[in-house]
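Here the structure is laid out as C-alpha coordinates; the discussion comes afterwards.
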Amino acid sequence: MCAKITILGLGSLLSERSCRVTFPDLKNFRMARVKGFRRIFAHSPSIFIQRQIANCETLEMASLSAEPMDGAEFVCTAFEVVDEGLDAFREREEEFELKFVEYSNLDGSPAGAGLLCVCSTDDAYVKQWGQERFDELYTRKGLKTIWHWQLSSGLRPCAAYLRHCVLASQRLGSICAASFLDETFLVDRSTTIRTYLASHPTVMTTLPPEGLHERYGG
(Lines give C-alpha, C1' and ligand atoms only; values in the text may rest on other atoms or scores of the structure.)
Protein backbone atom coordinates (compact mmCIF):
# COMPACT_ATOMS: atom_id res chain seq x y z
CA MET A 1 0.00 0.00 0.00
CA CYS A 2 1.32 3.43 -0.94
CA ALA A 3 2.03 5.83 1.92
CA LYS A 4 0.05 9.04 2.17
CA ILE A 5 1.19 12.56 2.92
CA THR A 6 -0.70 15.63 4.11
CA ILE A 7 -0.76 18.78 2.00
CA LEU A 8 -1.57 22.15 3.56
CA GLY A 9 -3.39 24.73 1.45
CA LEU A 10 -3.08 28.47 2.08
CA GLY A 11 -4.37 30.10 -1.14
CA SER A 12 -5.97 28.37 -4.12
CA LEU A 13 -5.94 25.15 -2.14
CA LEU A 14 -8.49 26.62 0.25
CA SER A 15 -10.85 25.53 -2.51
CA GLU A 16 -11.54 21.82 -2.61
CA ARG A 17 -12.51 22.18 -6.25
CA SER A 18 -9.10 23.68 -7.01
CA CYS A 19 -7.37 20.94 -5.02
CA ARG A 20 -9.07 18.26 -7.06
CA VAL A 21 -7.70 19.72 -10.31
CA THR A 22 -4.29 18.43 -9.22
CA PHE A 23 -5.37 15.74 -6.74
CA PRO A 24 -8.65 14.20 -7.92
CA ASP A 25 -8.35 11.38 -5.36
CA LEU A 26 -7.53 13.46 -2.29
CA LYS A 27 -8.98 12.36 1.04
CA ASN A 28 -10.20 14.04 4.21
CA PHE A 29 -10.36 17.68 3.07
CA ARG A 30 -10.61 19.82 6.23
CA MET A 31 -9.50 22.98 7.98
CA ALA A 32 -6.39 23.18 10.11
CA ARG A 33 -4.04 25.79 11.56
CA VAL A 34 -0.36 26.52 10.95
CA LYS A 35 1.67 28.37 13.58
CA GLY A 36 5.05 30.03 13.17
CA PHE A 37 4.31 31.23 9.64
CA ARG A 38 2.78 34.39 8.17
CA ARG A 39 0.66 34.23 4.99
CA ILE A 40 1.76 36.96 2.56
CA PHE A 41 1.25 38.26 -0.98
CA ALA A 42 4.94 38.85 -1.65
CA HIS A 43 6.02 37.16 -4.88
CA SER A 44 5.15 37.26 -8.57
CA PRO A 45 4.59 33.91 -10.29
CA SER A 46 4.83 33.67 -14.05
CA ILE A 47 1.61 31.66 -14.25
CA PHE A 48 -0.54 34.76 -13.66
CA ILE A 49 1.00 36.43 -16.69
CA GLN A 50 0.61 33.26 -18.75
CA ARG A 51 -3.09 33.10 -17.79
CA GLN A 52 -3.55 36.81 -18.45
CA ILE A 53 -4.81 37.64 -14.98
CA ALA A 54 -1.80 39.74 -13.90
CA ASN A 55 -1.75 43.52 -14.27
CA CYS A 56 1.90 44.46 -14.57
CA GLU A 57 1.15 48.19 -14.81
CA THR A 58 -0.54 48.34 -11.41
CA LEU A 59 1.64 45.52 -9.98
CA GLU A 60 -1.51 43.48 -9.25
CA MET A 61 0.27 40.18 -9.81
CA ALA A 62 1.27 38.80 -6.43
CA SER A 63 0.50 35.33 -5.14
CA LEU A 64 0.58 33.80 -1.68
CA SER A 65 3.27 32.01 0.27
CA ALA A 66 4.03 31.22 3.89
CA GLU A 67 6.90 33.08 5.53
CA PRO A 68 8.47 31.91 8.80
CA MET A 69 7.61 34.27 11.65
CA ASP A 70 7.48 33.65 15.39
CA GLY A 71 4.04 34.25 16.82
CA ALA A 72 2.23 34.28 13.46
CA GLU A 73 -0.44 31.78 12.47
CA PHE A 74 -3.29 31.25 10.02
CA VAL A 75 -6.08 28.84 9.14
CA CYS A 76 -5.35 26.58 6.19
CA THR A 77 -6.77 23.44 4.66
CA ALA A 78 -5.33 19.96 5.02
CA PHE A 79 -5.88 16.82 2.99
CA GLU A 80 -4.16 13.54 2.26
CA VAL A 81 -2.80 12.27 -1.05
CA VAL A 82 -0.83 9.22 -2.08
CA ASP A 83 2.89 9.90 -1.75
CA GLU A 84 3.72 9.21 -5.36
CA GLY A 85 3.32 11.10 -8.58
CA LEU A 86 3.78 14.48 -6.93
CA ASP A 87 5.48 15.84 -10.02
CA ALA A 88 2.27 17.60 -11.07
CA PHE A 89 2.14 19.36 -7.70
CA ARG A 90 5.79 20.41 -7.93
CA GLU A 91 5.12 21.81 -11.39
CA ARG A 92 2.03 23.63 -10.14
CA GLU A 93 3.98 25.12 -7.24
CA GLU A 94 7.27 25.49 -9.10
CA GLU A 95 8.53 28.66 -7.40
CA PHE A 96 8.12 27.57 -3.77
CA GLU A 97 10.14 25.67 -1.23
CA LEU A 98 7.84 22.75 -0.45
CA LYS A 99 8.47 22.13 3.22
CA PHE A 100 7.01 19.77 5.80
CA VAL A 101 5.83 21.79 8.80
CA GLU A 102 3.90 20.98 11.95
CA TYR A 103 0.21 21.86 11.95
CA SER A 104 -2.68 21.54 14.38
CA ASN A 105 -6.39 20.89 14.36
CA LEU A 106 -8.62 23.93 14.85
CA ASP A 107 -8.98 23.05 18.54
CA GLY A 108 -5.21 23.43 18.91
CA SER A 109 -4.38 19.75 19.27
CA PRO A 110 -1.29 18.58 17.33
CA ALA A 111 -2.11 16.93 14.00
CA GLY A 112 1.28 16.03 12.53
CA ALA A 113 3.28 17.46 9.65
CA GLY A 114 2.11 18.61 6.24
CA LEU A 115 3.64 19.93 3.04
CA LEU A 116 3.40 23.74 2.83
CA CYS A 117 4.29 26.24 0.10
CA VAL A 118 6.98 28.33 1.80
CA CYS A 119 8.68 31.42 0.39
CA SER A 120 11.90 30.80 -1.50
CA THR A 121 14.53 32.73 -3.49
CA ASP A 122 15.31 33.37 -7.13
CA ASP A 123 18.61 31.52 -6.72
CA ALA A 124 16.82 28.45 -5.38
CA TYR A 125 14.48 28.51 -8.39
CA VAL A 126 17.39 28.65 -10.82
CA LYS A 127 19.15 25.84 -8.95
CA GLN A 128 16.01 23.67 -9.13
CA TRP A 129 14.81 24.45 -12.65
CA GLY A 130 17.73 26.11 -14.45
CA GLN A 131 18.55 29.60 -15.71
CA GLU A 132 17.01 28.91 -19.11
CA ARG A 133 13.60 28.22 -17.57
CA PHE A 134 13.83 31.33 -15.39
CA ASP A 135 14.66 33.46 -18.41
CA GLU A 136 11.85 31.94 -20.48
CA LEU A 137 9.12 32.23 -17.85
CA TYR A 138 10.21 35.39 -16.06
CA THR A 139 12.92 37.55 -17.66
CA ARG A 140 11.35 37.49 -21.13
CA LYS A 141 7.96 38.35 -19.65
CA GLY A 142 9.35 41.44 -17.96
CA LEU A 143 9.78 39.96 -14.48
CA LYS A 144 13.22 40.57 -13.04
CA THR A 145 12.47 38.66 -9.86
CA ILE A 146 10.07 36.19 -8.30
CA TRP A 147 10.85 36.63 -4.63
CA HIS A 148 12.92 39.76 -4.05
CA TRP A 149 10.22 42.42 -3.93
CA GLN A 150 10.91 45.15 -1.37
CA LEU A 151 8.41 46.01 1.36
CA SER A 152 7.92 49.40 -0.29
CA SER A 153 7.65 48.01 -3.84
CA GLY A 154 3.89 48.46 -4.11
CA LEU A 155 3.41 44.86 -5.23
CA ARG A 156 -0.29 44.01 -4.94
CA PRO A 157 -2.33 40.79 -5.02
CA CYS A 158 -3.46 39.51 -8.40
CA ALA A 159 -7.11 40.60 -8.27
CA ALA A 160 -8.74 37.52 -9.81
CA TYR A 161 -6.63 35.24 -7.62
CA LEU A 162 -7.38 37.22 -4.46
CA ARG A 163 -11.10 37.10 -5.22
CA HIS A 164 -10.84 33.33 -5.69
CA CYS A 165 -9.09 32.90 -2.34
CA VAL A 166 -11.59 35.11 -0.51
CA LEU A 167 -14.53 33.18 -1.95
CA ALA A 168 -12.89 29.85 -1.12
CA SER A 169 -12.28 30.94 2.47
CA GLN A 170 -15.90 32.08 2.80
CA ARG A 171 -17.16 28.71 1.59
CA LEU A 172 -15.31 27.12 4.50
CA GLY A 173 -17.11 29.27 7.05
CA SER A 174 -16.48 32.23 9.32
CA ILE A 175 -13.33 30.91 11.01
CA CYS A 176 -11.44 30.46 7.76
CA ALA A 177 -12.85 33.64 6.22
CA ALA A 178 -11.80 35.76 9.20
CA SER A 179 -8.35 34.21 9.21
CA PHE A 180 -7.86 34.98 5.54
CA LEU A 181 -8.89 38.61 6.00
CA ASP A 182 -6.96 39.26 9.21
CA GLU A 183 -4.02 36.83 9.05
CA THR A 184 -2.98 37.48 5.45
CA PHE A 185 -0.74 40.42 4.57
CA LEU A 186 0.54 42.42 1.63
CA VAL A 187 4.21 42.61 0.70
CA ASP A 188 4.65 45.41 3.27
CA ARG A 189 3.96 42.80 5.98
CA SER A 190 1.59 45.18 7.78
CA THR A 191 -1.51 45.74 5.62
CA THR A 192 -4.10 43.00 6.10
CA ILE A 193 -6.33 41.75 3.31
CA ARG A 194 -9.34 43.08 5.20
CA THR A 195 -7.83 46.58 5.04
CA TYR A 196 -6.76 46.19 1.43
CA LEU A 197 -10.21 45.07 0.27
CA ALA A 198 -11.86 47.96 2.10
CA SER A 199 -9.88 50.39 -0.05
CA HIS A 200 -10.01 48.23 -3.22
CA PRO A 201 -13.57 46.85 -3.33
CA THR A 202 -13.47 46.27 -7.10
CA VAL A 203 -11.27 43.22 -6.44
CA MET A 204 -14.39 41.22 -5.62
CA THR A 205 -15.92 42.04 -9.00
CA THR A 206 -12.79 41.18 -10.99
CA LEU A 207 -13.64 38.03 -12.89
CA PRO A 208 -11.05 35.72 -14.45
CA PRO A 209 -11.07 35.07 -18.21
CA GLU A 210 -13.87 32.84 -19.47
CA GLY A 211 -11.80 29.66 -19.55
CA LEU A 212 -10.65 30.10 -15.95
CA HIS A 213 -14.00 30.56 -14.18
CA GLU A 214 -13.86 27.03 -12.79
CA ARG A 215 -10.25 27.28 -11.58
CA TYR A 216 -10.64 30.75 -10.07
CA GLY A 217 -14.25 30.63 -8.98
CA GLY A 218 -13.74 30.01 -5.28
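Ligands are numbered from 1 in the order shown, chains are lettered A, B, ... in the order of the C-alpha coordinates, and residues start at 1 in each chain.
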Closest-contact table, segment 53-75 of chain A side, partner segment 24-36 of chain A, 9 Å, counting only C-alpha atoms, as CSV:
```
residue,atom,partner,partner_atom,distance
A:Glu67,CA,A:Gly36,CA,8.4
A:Pro68,CA,A:Gly36,CA,5.9
A:Met69,CA,A:Gly36,CA,5.2
A:Asp70,CA,A:Gly36,CA,4.9
A:Gly71,CA,A:Gly36,CA,5.7
A:Ala72,CA,A:Gly36,CA,5.1
A:Glu73,CA,A:Lys35,CA,4.2
A:Phe74,CA,A:Val34,CA,5.6
A:Val75,CA,A:Arg33,CA,4.4
```
I need the helix (DSSP H, G or I) residues of segment 43-201 of chain A per DSSP on the backbone, written as a PyMOL selection string.
chain A and resi 46-50+87-92+122-129+131-137+139-141+159-171+174-182+193-199+201
From A:Arg133, A:Lys144, A:Phe79, A:Asp182, residue lying nearest Ala113 of chain A [only C-alpha atoms]:
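Distance minimum relative to Ala113 of chain A lands on A:Phe79.
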From chain A, collect each residue whose DSSP state is strand (DSSP E) and return the set as number ranges by chain.
A: 4-9, 27-43, 60-82, 97-104, 110-118, 156-157, 184-185
Contacts of Ile40 of chain A at 6 Å (only C-alpha atoms; same-chain gap of 4+ positions) as number ranges by chain
A: 64-65, 184-186
Please tabulate, as CSV, the residues of segment 79-170 of chain A that come within 10 Å of segment 190-201 of chain A, each with its closest pair of atoms and the distance in Å to one decimal, counting only C-alpha atoms and ordering rows by chain, then residue number upward.
```
residue,atom,partner,partner_atom,distance
A:Leu151,CA,A:Ser190,CA,9.4
A:Arg156,CA,A:Tyr196,CA,9.3
A:Pro157,CA,A:Ile193,CA,9.3
A:Ala159,CA,A:His200,CA,9.6
A:Leu162,CA,A:Ile193,CA,9.1
A:Arg163,CA,A:Leu197,CA,9.7
A:Val166,CA,A:Ile193,CA,9.3
```
Which residue is closest to Tyr161 of chain A? Choose from A:Cys119, A:Ile49, A:Leu106, A:Leu143 and count only C-alpha atoms.
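Selected residue with least distance to Tyr161 of chain A: A:Ile49.
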Distance in Å - atom CA of Leu13 of chain A versus atom CA of Ala168 of chain A
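According to the coordinates, atom CA of Leu13 of chain A and atom CA of Ala168 of chain A are separated by 8.5 Å.
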Find the residue from A:Tyr103, A:Ala160, A:Glu57, A:Ala66 that sits nearest to Glu183 of chain A; use only C-alpha atoms when measuring.
A:Ala66
Calculate how many Å separate atom CA of Cys176 of chain A from atom CA of Ser152 of chain A, rounding to one decimal.
28.3 Å
Could you tell me which of A:Phe134, A:Val187, A:Ser174, A:Glu80 comes closest to Leu59 of chain A if we count only C-alpha atoms?
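Looking at the shortest contact to Leu59 of chain A, the residue is A:Val187.
Put simply, atom CA of Val118 of chain A is 19.8 Å away from atom CA of Asn105 of chain A.
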